[in-house]
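S.K.: Please read through the structure below; I'll follow up with questions.
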Amino acid sequence: MNTIDAVESNTQKLTQAFCDALEITQGEVSDELAYNTIKQWDSTAHMVLVAELESVFDVLLDTDDVIDLSSVGKAKTILEKYGVGFQR
Amino acid sequence: MIRAGVDKNSLSSVKYLIEDYQVVLRPIVKSDIEQLRLWRNSATVQAHMLDQREITAAQQAEWFEKIQHDEREQHWLIFFRDKPIGSINLKCVDDSSVLGSAKTVFAGLYIGEPAYQANIIAFAPSLALYDFCFECLSVTRFKAVVKASNQAALNYNERLGYRVVGGDAEIEIVLDRAAYTESTGALKALLSRGTGRSNILR
């Protein structure tokens, strides 16, 4: 898989991870979607989301990352630290 | 892990300094009270308070003079990443008790910094304080009163294990240790992972 394909794939995987963890549709996932701004993204869902992202991207987030993971856009920024690229 | 100690700057009564879950709870001092007043009067905090009257600087100073010698309540400034973000407090339910021996206490919290009002870190001060109360003091039960319109606070407290025991416009909720322990295990684990940062007890 070339770099562009990998980045597209990662973006799709991230979107799907948010859909699965928060039980929302792909259309609801945007960079601006933030913690506690929809009823589905509460503290319980946040824990599920962290586990889902760790599983999908094979990373282990530290507490600072868990706290900073306050939006979809922030999730991309955090995962980029772990070498995961996204479409911007 | 709780790190707690006695604030040596307090001469009148025992004040506890608590550090856990990435936050530090430092007993408030006089130089904090204007920041607390600004937060307390901000629209986002005031809207959820039972008493929504604007607080003047004189009222705030009077309040501080009263509470700093009162062993039935204590107020902390919450620090996250070395910056103050809000305040948390404990008050005895029974007027004849003092915090050091009280079995049941009221707990109150607000996050004043907008950046952290909708953030998972908002759970950290409660986890740090409740752990300290259950493990180091004599507390067996927390009580709180929340406006029925404040769904975010009701959800927050439910996540900590609180259950509703009464009320209408103002909902009365209680939390016992067993429910707290059962409800918060995963949340505590999430906020106790490794981090490259460290908070320093002041």
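Ligands are numbered from 1 in the order shown, chains are lettered A, B, ... in the order of the structure tokens, and residues start at 1 in each chain.
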Give me, as a PyMOL selection string, the residues of chain A touching chain B, with the criterion being at most 12 Å (counting only C-alpha atoms).

M.R.: chain A and resi 34-39+41-51+60-71

S.K.: Write out as a VMD selection string the set of residues from segment 19-184 of chain B that DSSP, computed on the backbone, places in alpha helix (DSSP H).

M.R.: chain B and resid 33 to 41 43 to 46 57 to 67 124 to 136 151 to 160 177 to 184

S.K.: Could you pull out all residues of segment 50-158 of chain B with a DSSP call of strand (DSSP E) and give them as a PyMOL selection string?

M.R.: chain B and resi 73-80+83-92+104-111+141-147

S.K.: Counting only C-alpha atoms, figure out which residue out of A:Gln16, A:Leu33, A:Gly73, A:Gln26 gets nearest to Phe86 of chain A.

M.R.: A:Gly73

S.K.: Would you pick out the contacts of Val56 of chain A at 10 Å or less, using only C-alpha atoms, so that residues sharing its chain but fewer than 6 positions from it are not included, and give the list as a PDB file with all heavy atoms, in the first residue's frame?

M.R.:
ATOM      1  N   ASN A  10      -6.356   4.929   6.726  1.00  0.00           N
ATOM      2  CA  ASN A  10      -6.366   5.326   8.138  1.00  0.00           C
ATOM      3  C   ASN A  10      -7.550   6.244   8.441  1.00  0.00           C
ATOM      4  O   ASN A  10      -8.166   6.144   9.507  1.00  0.00           O
ATOM      5  CB  ASN A  10      -5.051   6.048   8.496  1.00  0.00           C
ATOM      6  CG  ASN A  10      -3.889   5.085   8.589  1.00  0.00           C
ATOM      7  OD1 ASN A  10      -4.082   3.885   8.788  1.00  0.00           O
ATOM      8  ND2 ASN A  10      -2.683   5.608   8.423  1.00  0.00           N
ATOM      9  N   LYS A  13     -10.538   4.140   8.638  1.00  0.00           N
ATOM     10  CA  LYS A  13     -10.527   3.329   9.875  1.00  0.00           C
ATOM     11  C   LYS A  13     -10.871   4.185  11.103  1.00  0.00           C
ATOM     12  O   LYS A  13     -11.567   3.746  12.003  1.00  0.00           O
ATOM     13  CB  LYS A  13      -9.153   2.669  10.062  1.00  0.00           C
ATOM     14  CG  LYS A  13      -8.886   1.519   9.107  1.00  0.00           C
ATOM     15  CD  LYS A  13      -7.743   0.628   9.555  1.00  0.00           C
ATOM     16  CE  LYS A  13      -6.404   1.259   9.437  1.00  0.00           C
ATOM     17  NZ  LYS A  13      -5.287   0.330   9.719  1.00  0.00           N
ATOM     18  N   LEU A  14     -10.384   5.425  11.083  1.00  0.00           N
ATOM     19  CA  LEU A  14     -10.687   6.315  12.202  1.00  0.00           C
ATOM     20  C   LEU A  14     -12.180   6.627  12.254  1.00  0.00           C
ATOM     21  O   LEU A  14     -12.801   6.585  13.322  1.00  0.00           O
ATOM     22  CB  LEU A  14      -9.886   7.620  12.074  1.00  0.00           C
ATOM     23  CG  LEU A  14     -10.108   8.606  13.222  1.00  0.00           C
ATOM     24  CD1 LEU A  14      -9.275   8.208  14.433  1.00  0.00           C
ATOM     25  CD2 LEU A  14      -9.750  10.035  12.818  1.00  0.00           C
ATOM     26  N   GLN A  16     -14.582   4.847  11.075  1.00  0.00           N
ATOM     27  CA  GLN A  16     -15.313   3.648  11.482  1.00  0.00           C
ATOM     28  C   GLN A  16     -15.156   3.393  12.980  1.00  0.00           C
ATOM     29  O   GLN A  16     -16.111   2.956  13.657  1.00  0.00           O
ATOM     30  CB  GLN A  16     -14.821   2.434  10.684  1.00  0.00           C
ATOM     31  CG  GLN A  16     -15.726   1.212  10.825  1.00  0.00           C
ATOM     32  CD  GLN A  16     -17.157   1.506  10.387  1.00  0.00           C
ATOM     33  OE1 GLN A  16     -17.397   2.062   9.314  1.00  0.00           O
ATOM     34  NE2 GLN A  16     -18.131   1.159  11.232  1.00  0.00           N
ATOM     35  N   ALA A  17     -13.966   3.693  13.511  1.00  0.00           N
ATOM     36  CA  ALA A  17     -13.741   3.500  14.951  1.00  0.00           C
ATOM     37  C   ALA A  17     -14.676   4.404  15.760  1.00  0.00           C
ATOM     38  O   ALA A  17     -15.259   3.970  16.768  1.00  0.00           O
ATOM     39  CB  ALA A  17     -12.284   3.803  15.303  1.00  0.00           C
TER      40      ALA A  17
END

S.K.: Pick out the residues sitting within 7 Å of segment 126-135 of chain B, and hand them over as a count of residues only; count only C-alpha atoms, and ignore anything fewer than 4 positions along from it in its own chain.

M.R.: 7

S.K.: Between B:Val14, B:Leu160, B:Ile111, B:Ala47, which one has atoms that come closest to Asp176 of chain B, using only C-alpha atoms?

M.R.: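 Smallest separation from Asp176 of chain B among the options: B:Leu160.
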
S.K.: Asn157 of chain B: which residues within 10 Å, counting only C-alpha atoms, same-chain residues fewer than 6 positions away excluded, as a short mmCIF file (atom, residue, chain, number, x, y, z; two decimals) with N, CA and C atoms, in the first residue's frame?

M.R.:
data_model
loop_
_atom_site.label_atom_id
_atom_site.label_comp_id
_atom_site.auth_asym_id
_atom_site.auth_seq_id
_atom_site.Cartn_x
_atom_site.Cartn_y
_atom_site.Cartn_z
N PHE B 123 -13.48 14.50 35.60
CA PHE B 123 -13.73 13.45 36.60
C PHE B 123 -12.59 13.35 37.62
N SER B 126 -12.90 14.77 41.36
CA SER B 126 -13.84 14.00 42.19
C SER B 126 -13.22 12.66 42.58
N ALA B 144 -25.33 15.09 47.50
CA ALA B 144 -25.27 16.28 46.66
C ALA B 144 -26.69 16.66 46.25
N VAL B 146 -28.57 18.61 43.02
CA VAL B 146 -28.32 19.09 41.65
C VAL B 146 -29.63 19.60 41.07
N GLN B 151 -28.70 18.40 33.39
CA GLN B 151 -28.56 17.00 32.99
C GLN B 151 -27.10 16.57 32.95
N ARG B 163 -26.85 7.74 43.26
CA ARG B 163 -28.22 7.35 42.95
C ARG B 163 -29.17 8.41 43.48
N VAL B 164 -30.27 8.57 42.78
CA VAL B 164 -31.26 9.57 43.15
C VAL B 164 -32.08 9.07 44.33
N ILE B 173 -29.13 13.39 45.61
CA ILE B 173 -28.44 12.16 45.22
C ILE B 173 -27.45 11.76 46.32
N VAL B 174 -27.19 10.45 46.41
CA VAL B 174 -26.24 9.96 47.41
C VAL B 174 -25.28 8.95 46.75
N LEU B 175 -24.13 8.82 47.37
CA LEU B 175 -23.11 7.90 46.87
C LEU B 175 -22.49 7.15 48.04
#

S.K.: Just how far from atom CA of Leu137 of chain B is atom CA of Thr104 of chain B, in Å to one decimal?

M.R.: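 The value is 10.7 Å.
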
S.K.: Residues within 10 Å of Ile24 of chain A, please, as a PyMOL selection string. Count only C-alpha atoms; anything in the same chain fewer than 4 positions from it doesn't count.

M.R.: chain A and resi 15-16+18-20+28-29+38+40-41

S.K.: Figure out the distance between atom CA of Lys143 of chain B and atom CA of Glu172 of chain B, please, to one decimal in Å.

M.R.: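 Distance between the two atoms: 7.4 Å.
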
S.K.: Residues at most 9 Å from Pro84 of chain B, counting only C-alpha atoms, excluding those fewer than 5 positions away in the same chain, as a list in words?

M.R.: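 Once the adjacent positions are removed, what remains is Leu77, Ile78, Phe79, Gly112 and Glu113 of chain B.
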